[in-house]
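Asks: One structure is given below, represented as structure tokens, and several questions about it will come after.
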Amino acid sequence: MKKLLLICFLTLQSFAFDVEDISIMREMGVLIAFPSEQKAHPIPSSMRPSEMMKVNYLNFNGKALYFLPAWLPKMTNISRLELKDTKITLKELQKLRPLTQLDILDISDNPLFKDGGNLVELLSTFSLTQLNLSNTGGGSSSADYANIGSLSSLIKLDLSGNVLSYISPLKLKKFPNLRELNLSDNLIRGILYTDNLPKNSLRELYLFGNNISRFTFSGDFPALRVLDISNNQQQLIFDEEYGNPYMFKKLKQGKFNDDIKLPQSIMTRLGIKPKEIILARLTPKLRTPTKTECERGGGKVPYEVCNANWENAKKICHKSGGRLPTIEEVKKVVNECGGNLILYDDNNNFKNKILKGKNNSSYLSCIHKGYTSPSLSDLIPPGLFIFWSSTTYKDNDKIAWLVFLDNEGAVSGDKTVDLISVFCMY
């Protein structure tokens, strides 16, 4: 009998967890898949620990874990792990080191750097081909993402929605096989030095929502199929060498602002005639995020309208499938309603304008009912509606433009203020 009990004990020890752990996972809605399955699915009620040990894909997305389960590092067959928006930090992620078979990792929408830790040192344990670090709060001025290019096996990398201001510390050109790179919705400004990118392997490059003024020439992008530089906050120019029509031979899809002068190489590949404009066509629709979307992104909903600071506003819009509108996009919305958005550097003059109020019923009707959902007039008294734009104020990274839509004006505001409304563009 003792021998039998010992065998049973050792057998249980060989499993990462017990029946109760599986039951908790099922109640949480965790998704799994086996190597032979193409699609993840809920955990069956009949699942046994011995069967769970064979799982190679776990999806905890949207589950508030804060701490990883003790049994997770023992599931050494895991090749794909999704931990999006699970409230974990880099310090907690150190527990994943035993998962040497890990190939795809999604740790987006988490406060990774809250408790410190070294991202690259941790990830170098694995031979990842896909990595999602979107909305994880890292920047260029520290070692948050520095030397990430040393993860040479990556094919797909998402760094969108962070606070990167330049890309040279990332060492991206070290990626020999990187096909898809997403650097959208960061703070990349000024000159984009393309010799910092893995030009030969890239097939998809997403740079929308930045502040890039120049796209330098350092050779062709021979494999590039998709290039998105839309929603850029400066007038972007390409170096003249891109005028060679033999460049970008594989390019099939492009999105750009309407003020850009495209080089001949891009116009040739996309079939654009000279002087013709290609737009990143977006429906100019603003709406406030839902209460759930707002609170998941760190905002508050005191009067049915989402309020947050600038960083959280970006996250909230991203989580709800949209993004913060640039000041230029707001200008277009105002113009289409017959208004004229004025950017005020002198807040006192703007306050005087607010006191006078706006008395243009056709403009207000257009703004409230045609471009916002739900109608602003149903939510906020006229003259008091103010919301974030994604555009940083001049050269001060701590300040962004705030828009008073009813009064056709915009002023600068501290990005840390958390009482500003959030409306996202979709």
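How things are named: the first chain in the structure tokens is A, the next is B, and so on; residues count from 1 in each chain; ligands count from 1 in the order shown.
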Could you pull the residues within 8 Å of range 104-109 of chain A, counting only C-alpha atoms, minus those fewer than 4 positions along the same chain, as a list in words?

Replies: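 My reading of the contact set: Ser79, Arg80, Leu81, Glu82, Leu83, Lys84, Asp85, Thr86, Lys87, Leu128, Thr129, Gln130, Leu131, Asn132, Leu133, Ser134, Asn135, Thr136 and Lys315 of chain A.
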
Asks: Could you pull out all residues of range 111-242 of chain A with a DSSP call of helix (DSSP H, G or I) and give them as an mmCIF file with C-alpha atoms, in the first residue's frame?

Replies:
```cif
data_model
loop_
_atom_site.group_PDB
_atom_site.id
_atom_site.type_symbol
_atom_site.label_atom_id
_atom_site.label_comp_id
_atom_site.auth_asym_id
_atom_site.auth_seq_id
_atom_site.Cartn_x
_atom_site.Cartn_y
_atom_site.Cartn_z
ATOM 1 C CA LEU A 119 13.547 42.550 -20.822
ATOM 2 C CA VAL A 120 16.214 41.432 -23.291
ATOM 3 C CA GLU A 121 18.011 39.243 -20.769
ATOM 4 C CA LEU A 122 14.748 37.414 -20.059
ATOM 5 C CA LEU A 123 13.672 37.020 -23.684
ATOM 6 C CA ILE A 148 16.116 43.960 -28.543
ATOM 7 C CA GLY A 149 17.706 43.267 -31.924
ATOM 8 C CA SER A 150 19.809 40.597 -30.215
ATOM 9 C CA SER A 168 18.766 53.382 -32.803
ATOM 10 C CA PRO A 169 19.115 51.812 -29.286
ATOM 11 C CA LEU A 170 16.853 48.939 -30.338
ATOM 12 C CA LEU A 172 16.688 46.464 -35.108
ATOM 13 C CA LYS A 173 19.006 46.036 -38.076
ATOM 14 C CA LYS A 174 20.444 42.957 -36.341
ATOM 15 C CA THR A 194 16.461 53.729 -42.288
ATOM 16 C CA ASP A 195 19.892 52.169 -41.792
ATOM 17 C CA ASN A 196 18.565 51.321 -38.306
ATOM 18 C CA GLU A 240 15.415 62.078 -53.514
ATOM 19 C CA GLU A 241 17.137 58.734 -54.190
ATOM 20 C CA TYR A 242 13.748 57.058 -53.749
#
```

Asks: Taking 6 positions as the minimum chain separation for residues in the same chain, which residues sit within 10 Å of Leu90 in chain A when counting only C-alpha atoms? Answer as a PyMOL selection string.

Replies: chain A and resi 107+110-119+122

Asks: Write out, as a PDB file, in the first residue's frame, the residues just selected, with N, CA and C atoms.

Replies:
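part.pdb, written as the output of this step:
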```pdb
ATOM      1  N   ILE A 107       2.772  39.693 -24.576  1.00  0.00           N
ATOM      2  CA  ILE A 107       2.710  40.256 -23.227  1.00  0.00           C
ATOM      3  C   ILE A 107       2.317  41.733 -23.324  1.00  0.00           C
ATOM      4  N   ASN A 110       0.482  45.439 -20.696  1.00  0.00           N
ATOM      5  CA  ASN A 110       0.864  45.169 -19.309  1.00  0.00           C
ATOM      6  C   ASN A 110       1.868  46.217 -18.830  1.00  0.00           C
ATOM      7  N   PRO A 111       1.858  46.541 -17.516  1.00  0.00           N
ATOM      8  CA  PRO A 111       2.828  47.508 -16.965  1.00  0.00           C
ATOM      9  C   PRO A 111       4.176  46.835 -16.718  1.00  0.00           C
ATOM     10  N   LEU A 112       4.846  46.435 -17.771  1.00  0.00           N
ATOM     11  CA  LEU A 112       6.011  45.562 -17.637  1.00  0.00           C
ATOM     12  C   LEU A 112       7.110  46.121 -16.741  1.00  0.00           C
ATOM     13  N   PHE A 113       7.342  47.419 -16.810  1.00  0.00           N
ATOM     14  CA  PHE A 113       8.522  47.968 -16.149  1.00  0.00           C
ATOM     15  C   PHE A 113       8.218  48.562 -14.773  1.00  0.00           C
ATOM     16  N   LYS A 114       7.082  48.223 -14.238  1.00  0.00           N
ATOM     17  CA  LYS A 114       6.653  48.763 -12.939  1.00  0.00           C
ATOM     18  C   LYS A 114       7.622  48.385 -11.821  1.00  0.00           C
ATOM     19  N   ASP A 115       8.079  47.139 -11.819  1.00  0.00           N
ATOM     20  CA  ASP A 115       8.945  46.649 -10.741  1.00  0.00           C
ATOM     21  C   ASP A 115      10.366  46.390 -11.208  1.00  0.00           C
ATOM     22  N   GLY A 116      10.763  46.948 -12.342  1.00  0.00           N
ATOM     23  CA  GLY A 116      12.112  46.728 -12.845  1.00  0.00           C
ATOM     24  C   GLY A 116      12.252  45.392 -13.550  1.00  0.00           C
ATOM     25  N   GLY A 117      13.493  45.041 -13.869  1.00  0.00           N
ATOM     26  CA  GLY A 117      13.765  43.799 -14.582  1.00  0.00           C
ATOM     27  C   GLY A 117      14.374  44.081 -15.939  1.00  0.00           C
ATOM     28  N   ASN A 118      15.046  43.096 -16.509  1.00  0.00           N
ATOM     29  CA  ASN A 118      15.710  43.253 -17.794  1.00  0.00           C
ATOM     30  C   ASN A 118      14.971  42.471 -18.863  1.00  0.00           C
ATOM     31  N   LEU A 119      14.375  43.181 -19.791  1.00  0.00           N
ATOM     32  CA  LEU A 119      13.547  42.550 -20.822  1.00  0.00           C
ATOM     33  C   LEU A 119      14.361  41.651 -21.744  1.00  0.00           C
ATOM     34  N   LEU A 122      15.781  38.440 -20.229  1.00  0.00           N
ATOM     35  CA  LEU A 122      14.748  37.414 -20.059  1.00  0.00           C
ATOM     36  C   LEU A 122      14.416  36.747 -21.391  1.00  0.00           C
TER      37      LEU A 122
END
```

Asks: Given only C-alpha atoms, how would the per-residue table for range 296-334 of chain A near range 251-272 of chain A read, listing every residue at most 12 Å away with its closest atom pair and distance in Å to one decimal, sorted by chain and number, as a tab-separated table?

Replies:
```
residue	atom	partner	partner_atom	distance
A:Thr326	CA	A:Asn257	CA	11.9
A:Glu328	CA	A:Asn257	CA	10.5
A:Glu329	CA	A:Asn257	CA	10.5
A:Lys332	CA	A:Asp258	CA	11.7
```

Asks: Could you write those residues out with N, CA and C atoms, as a PDB file, in the first residue's frame?

Replies:
```pdb
ATOM      1  N   THR A 326      -5.202  63.045 -34.010  1.00  0.00           N
ATOM      2  CA  THR A 326      -4.208  64.105 -34.025  1.00  0.00           C
ATOM      3  C   THR A 326      -4.913  65.452 -34.083  1.00  0.00           C
ATOM      4  N   GLU A 328      -4.428  67.662 -36.266  1.00  0.00           N
ATOM      5  CA  GLU A 328      -4.762  67.909 -37.672  1.00  0.00           C
ATOM      6  C   GLU A 328      -6.072  67.228 -38.056  1.00  0.00           C
ATOM      7  N   GLU A 329      -6.305  66.037 -37.524  1.00  0.00           N
ATOM      8  CA  GLU A 329      -7.557  65.340 -37.820  1.00  0.00           C
ATOM      9  C   GLU A 329      -8.749  66.074 -37.212  1.00  0.00           C
ATOM     10  N   LYS A 332      -9.686  68.924 -39.416  1.00  0.00           N
ATOM     11  CA  LYS A 332     -10.474  68.516 -40.584  1.00  0.00           C
ATOM     12  C   LYS A 332     -11.942  68.324 -40.218  1.00  0.00           C
TER      13      LYS A 332
END
```

Asks: Could you find all residues in range 83-302 of chain A that DSSP calls strand (DSSP E) from the backbone, and write them as an NGL selection string?

Replies: :A and (104-106 or 130-132 or 156-158 or 180-182 or 189-192 or 204-206 or 211-215 or 226-228 or 237-238 or 253-255 or 286-287)

Asks: Keeping only N, CA and C atoms, write the selected residues to a file as a short mmCIF file (atom, residue, chain, number, x, y, z; two decimals), in the first residue's frame.

Replies:
```cif
data_model
loop_
_atom_site.label_atom_id
_atom_site.label_comp_id
_atom_site.auth_asym_id
_atom_site.auth_seq_id
_atom_site.Cartn_x
_atom_site.Cartn_y
_atom_site.Cartn_z
N ILE A 104 6.04 31.83 -29.61
CA ILE A 104 5.20 33.02 -29.77
C ILE A 104 4.81 33.52 -28.38
N LEU A 105 5.07 34.81 -28.12
CA LEU A 105 4.78 35.38 -26.80
C LEU A 105 4.09 36.73 -26.97
N ASP A 106 2.91 36.87 -26.35
CA ASP A 106 2.16 38.13 -26.34
C ASP A 106 2.05 38.60 -24.90
N GLN A 130 7.72 35.34 -32.79
CA GLN A 130 6.75 36.42 -32.72
C GLN A 130 6.70 36.97 -31.29
N LEU A 131 6.73 38.31 -31.19
CA LEU A 131 6.74 38.96 -29.89
C LEU A 131 5.89 40.22 -29.95
N ASN A 132 4.92 40.33 -29.04
CA ASN A 132 4.05 41.49 -28.97
C ASN A 132 4.32 42.24 -27.66
N LYS A 156 8.28 38.51 -36.38
CA LYS A 156 7.24 39.52 -36.20
C LYS A 156 7.42 40.19 -34.85
N LEU A 157 7.47 41.55 -34.84
CA LEU A 157 7.67 42.31 -33.62
C LEU A 157 6.71 43.49 -33.58
N ASP A 158 5.98 43.62 -32.48
CA ASP A 158 5.03 44.72 -32.29
C ASP A 158 5.47 45.56 -31.09
N GLU A 180 7.78 41.52 -40.20
CA GLU A 180 6.74 42.49 -39.84
C GLU A 180 7.18 43.28 -38.61
N LEU A 181 7.19 44.61 -38.74
CA LEU A 181 7.62 45.49 -37.66
C LEU A 181 6.59 46.58 -37.48
N ASN A 182 6.06 46.71 -36.26
CA ASN A 182 5.05 47.71 -35.95
C ASN A 182 5.61 48.69 -34.91
N ARG A 189 10.25 61.05 -33.69
CA ARG A 189 10.16 62.38 -34.27
C ARG A 189 11.39 62.67 -35.14
N GLY A 190 11.22 63.63 -36.04
CA GLY A 190 12.35 64.10 -36.84
C GLY A 190 12.74 63.11 -37.92
N ILE A 191 14.03 62.89 -38.06
CA ILE A 191 14.57 62.06 -39.14
C ILE A 191 14.52 60.59 -38.76
N LEU A 192 13.96 59.77 -39.66
CA LEU A 192 13.99 58.32 -39.47
C LEU A 192 15.16 57.78 -40.29
N GLU A 204 6.42 44.08 -44.00
CA GLU A 204 5.38 45.01 -43.53
C GLU A 204 6.02 45.95 -42.50
N LEU A 205 5.84 47.27 -42.74
CA LEU A 205 6.40 48.28 -41.84
C LEU A 205 5.32 49.29 -41.50
N TYR A 206 4.99 49.38 -40.21
CA TYR A 206 3.93 50.26 -39.73
C TYR A 206 4.54 51.36 -38.87
N ASN A 211 5.83 61.24 -35.50
CA ASN A 211 6.13 62.64 -35.81
C ASN A 211 7.37 62.72 -36.68
N ILE A 212 7.37 61.95 -37.77
CA ILE A 212 8.54 61.79 -38.63
C ILE A 212 8.54 62.86 -39.72
N SER A 213 9.69 63.51 -39.90
CA SER A 213 9.78 64.57 -40.92
C SER A 213 10.54 64.12 -42.16
N ARG A 214 11.40 63.13 -42.02
CA ARG A 214 12.21 62.72 -43.17
C ARG A 214 12.47 61.21 -43.14
N PHE A 215 12.37 60.61 -44.31
CA PHE A 215 12.62 59.18 -44.50
C PHE A 215 13.92 59.07 -45.28
N VAL A 226 3.99 46.18 -47.55
CA VAL A 226 3.05 47.11 -46.91
C VAL A 226 3.85 48.20 -46.20
N LEU A 227 3.51 49.46 -46.47
CA LEU A 227 4.14 50.60 -45.81
C LEU A 227 3.05 51.56 -45.36
N ASP A 228 2.94 51.78 -44.05
CA ASP A 228 1.92 52.66 -43.49
C ASP A 228 2.60 53.76 -42.68
N ILE A 237 8.95 63.94 -45.88
CA ILE A 237 9.59 63.90 -47.19
C ILE A 237 10.48 62.67 -47.28
N PHE A 238 10.57 62.10 -48.48
CA PHE A 238 11.49 61.01 -48.76
C PHE A 238 12.75 61.57 -49.40
N GLN A 253 0.79 47.82 -50.99
CA GLN A 253 -0.16 48.61 -50.21
C GLN A 253 0.56 49.72 -49.47
N GLY A 254 0.01 50.95 -49.55
CA GLY A 254 0.60 52.07 -48.86
C GLY A 254 -0.46 53.00 -48.29
N LYS A 255 -0.18 53.57 -47.13
CA LYS A 255 -1.07 54.56 -46.52
C LYS A 255 -0.22 55.76 -46.10
N LEU A 286 -15.74 60.25 -34.10
CA LEU A 286 -15.24 60.26 -32.73
C LEU A 286 -16.31 59.68 -31.82
N ARG A 287 -15.88 58.88 -30.88
CA ARG A 287 -16.84 58.42 -29.87
C ARG A 287 -16.10 58.20 -28.56
#
```

Asks: Identify, on the basis of only C-alpha atoms, every residue whose closest approach to range 339-345 of chain A does not exceed 8 Å; exclude the query and any residue fewer than 6 positions from it along the same chain; express the result as an NGL selection string.

Replies: :A and (330-331 or 363 or 408-412)

Asks: Please write the residues from the selection above to a file, keeping N, CA and C atoms, as an mmCIF file, in the first residue's frame.

Replies:
```cif
data_model
loop_
_atom_site.group_PDB
_atom_site.id
_atom_site.type_symbol
_atom_site.label_atom_id
_atom_site.label_comp_id
_atom_site.auth_asym_id
_atom_site.auth_seq_id
_atom_site.Cartn_x
_atom_site.Cartn_y
_atom_site.Cartn_z
ATOM 1 N N VAL A 330 -8.556 66.623 -36.011
ATOM 2 C CA VAL A 330 -9.630 67.400 -35.396
ATOM 3 C C VAL A 330 -9.919 68.648 -36.230
ATOM 4 N N LYS A 331 -8.858 69.261 -36.754
ATOM 5 C CA LYS A 331 -9.036 70.435 -37.622
ATOM 6 C C LYS A 331 -9.934 70.095 -38.810
ATOM 7 N N TYR A 363 -23.098 74.566 -36.886
ATOM 8 C CA TYR A 363 -21.811 73.955 -36.573
ATOM 9 C C TYR A 363 -21.952 72.985 -35.406
ATOM 10 N N GLU A 408 -14.220 75.711 -30.882
ATOM 11 C CA GLU A 408 -13.279 75.719 -31.999
ATOM 12 C C GLU A 408 -11.890 76.197 -31.587
ATOM 13 N N GLY A 409 -11.413 75.710 -30.454
ATOM 14 C CA GLY A 409 -10.100 76.136 -29.993
ATOM 15 C C GLY A 409 -9.339 75.005 -29.344
ATOM 16 N N ALA A 410 -8.012 75.169 -29.271
ATOM 17 C CA ALA A 410 -7.164 74.173 -28.630
ATOM 18 C C ALA A 410 -6.086 74.879 -27.823
ATOM 19 N N VAL A 411 -5.777 74.340 -26.649
ATOM 20 C CA VAL A 411 -4.734 74.887 -25.786
ATOM 21 C C VAL A 411 -3.818 73.744 -25.360
ATOM 22 N N SER A 412 -2.691 74.102 -24.767
ATOM 23 C CA SER A 412 -1.755 73.077 -24.303
ATOM 24 C C SER A 412 -2.142 72.606 -22.906
#
```

Asks: Report, in Å with one decimal, the straight-line distance from CA of Ala308 in chain A to CA of Glu295 in chain A.

Replies: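 Result for CA of Ala308 in chain A versus CA of Glu295 in chain A: 9.3 Å, one decimal.
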
Asks: Nearest to Asp18 in chain A among A:Thr292, A:Ser201, A:Ser50, A:Gln101, with distances taken over only C-alpha atoms: which residue is it?

Replies: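 When distances to Asp18 in chain A are compared using only C-alpha atoms, the smallest one comes from A:Ser50.
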
Asks: Would you compute the distance between CA of Ile78 in chain A and CA of Ser124 in chain A? Give it in Å to one decimal.

Replies: 16.5 Å

Asks: Given only C-alpha atoms as the basis, pick out the residue of A:Gly138, A:Gly62, A:Pro73, A:Gly209 nearest to Gln94 in chain A.

Replies: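 Looking only at the distances to Gln94 in chain A, the closest residue turns out to be A:Pro73.
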
Asks: Let me make sure I understand: among A:Met425, A:Asn147, A:Leu164, A:Pro176, which one has the smallest atom-to-atom distance to Gly321 in chain A if we use only C-alpha atoms?

Replies: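 Under the stated criterion, the closest residue is A:Met425.
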
Asks: If we count only C-alpha atoms and set the cut-off at 9 Å, which residues sit around Lys199 in chain A, ignoring sequence neighbours fewer than 5 positions away in its own chain? Please answer as a ChimeraX atom specification.

Replies: /A:173,194,218-224

Asks: Name the closest residue to Leu96 in chain A among the candidates A:Lys74, A:Arg203, A:Arg48, A:Lys39; distances are taken between atoms, counting only C-alpha atoms.

Replies: A:Lys74

Asks: Counting only C-alpha atoms, what are the residues of range 197-257 of chain A within 12 Å of range 388-404 of chain A, and for each of them which pair of atoms is the nearest and at what distance in Å, to one decimal? Sort the table by chain and rising number, as JSON lines.

Replies:
```
{"residue": "A:Gly209", "atom": "CA", "partner": "A:Ser390", "partner_atom": "CA", "distance": 8.3}
{"residue": "A:Asn210", "atom": "CA", "partner": "A:Thr391", "partner_atom": "CA", "distance": 9.0}
{"residue": "A:Asn211", "atom": "CA", "partner": "A:Thr391", "partner_atom": "CA", "distance": 8.7}
{"residue": "A:Asn231", "atom": "CA", "partner": "A:Ser390", "partner_atom": "CA", "distance": 10.1}
{"residue": "A:Asn232", "atom": "CA", "partner": "A:Thr391", "partner_atom": "CA", "distance": 9.7}
{"residue": "A:Gln233", "atom": "CA", "partner": "A:Thr391", "partner_atom": "CA", "distance": 7.0}
{"residue": "A:Gln234", "atom": "CA", "partner": "A:Thr391", "partner_atom": "CA", "distance": 10.2}
```

Asks: What does the file look like for those residues with N, CA and C atoms, as an mmCIF file, in the first residue's frame?

Replies:
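Saved as out.cif:
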```cif
data_model
loop_
_atom_site.group_PDB
_atom_site.id
_atom_site.type_symbol
_atom_site.label_atom_id
_atom_site.label_comp_id
_atom_site.auth_asym_id
_atom_site.auth_seq_id
_atom_site.Cartn_x
_atom_site.Cartn_y
_atom_site.Cartn_z
ATOM 1 N N GLY A 209 1.055 57.346 -36.870
ATOM 2 C CA GLY A 209 0.883 57.946 -35.547
ATOM 3 C C GLY A 209 2.171 58.384 -34.887
ATOM 4 N N ASN A 210 3.178 58.777 -35.678
ATOM 5 C CA ASN A 210 4.420 59.303 -35.124
ATOM 6 C C ASN A 210 4.611 60.751 -35.568
ATOM 7 N N ASN A 211 5.833 61.244 -35.502
ATOM 8 C CA ASN A 211 6.128 62.642 -35.807
ATOM 9 C C ASN A 211 7.375 62.721 -36.682
ATOM 10 N N ASN A 231 -1.315 59.232 -40.568
ATOM 11 C CA ASN A 231 -1.520 59.876 -39.274
ATOM 12 C C ASN A 231 -0.206 60.396 -38.697
ATOM 13 N N ASN A 232 0.694 60.818 -39.585
ATOM 14 C CA ASN A 232 1.977 61.375 -39.168
ATOM 15 C C ASN A 232 1.806 62.863 -38.883
ATOM 16 N N GLN A 233 2.399 63.344 -37.800
ATOM 17 C CA GLN A 233 2.122 64.696 -37.328
ATOM 18 C C GLN A 233 3.015 65.763 -37.954
ATOM 19 N N GLN A 234 3.870 65.389 -38.881
ATOM 20 C CA GLN A 234 4.653 66.353 -39.626
ATOM 21 C C GLN A 234 4.521 66.066 -41.113
#
```

Asks: Show which residues sit within 8 Å of Ala33 in chain A, as an MDAnalysis selection string. Count only C-alpha atoms, and ignore same-chain residues fewer than 4 positions away.

Replies: chainID A and resid 37:41 55:58
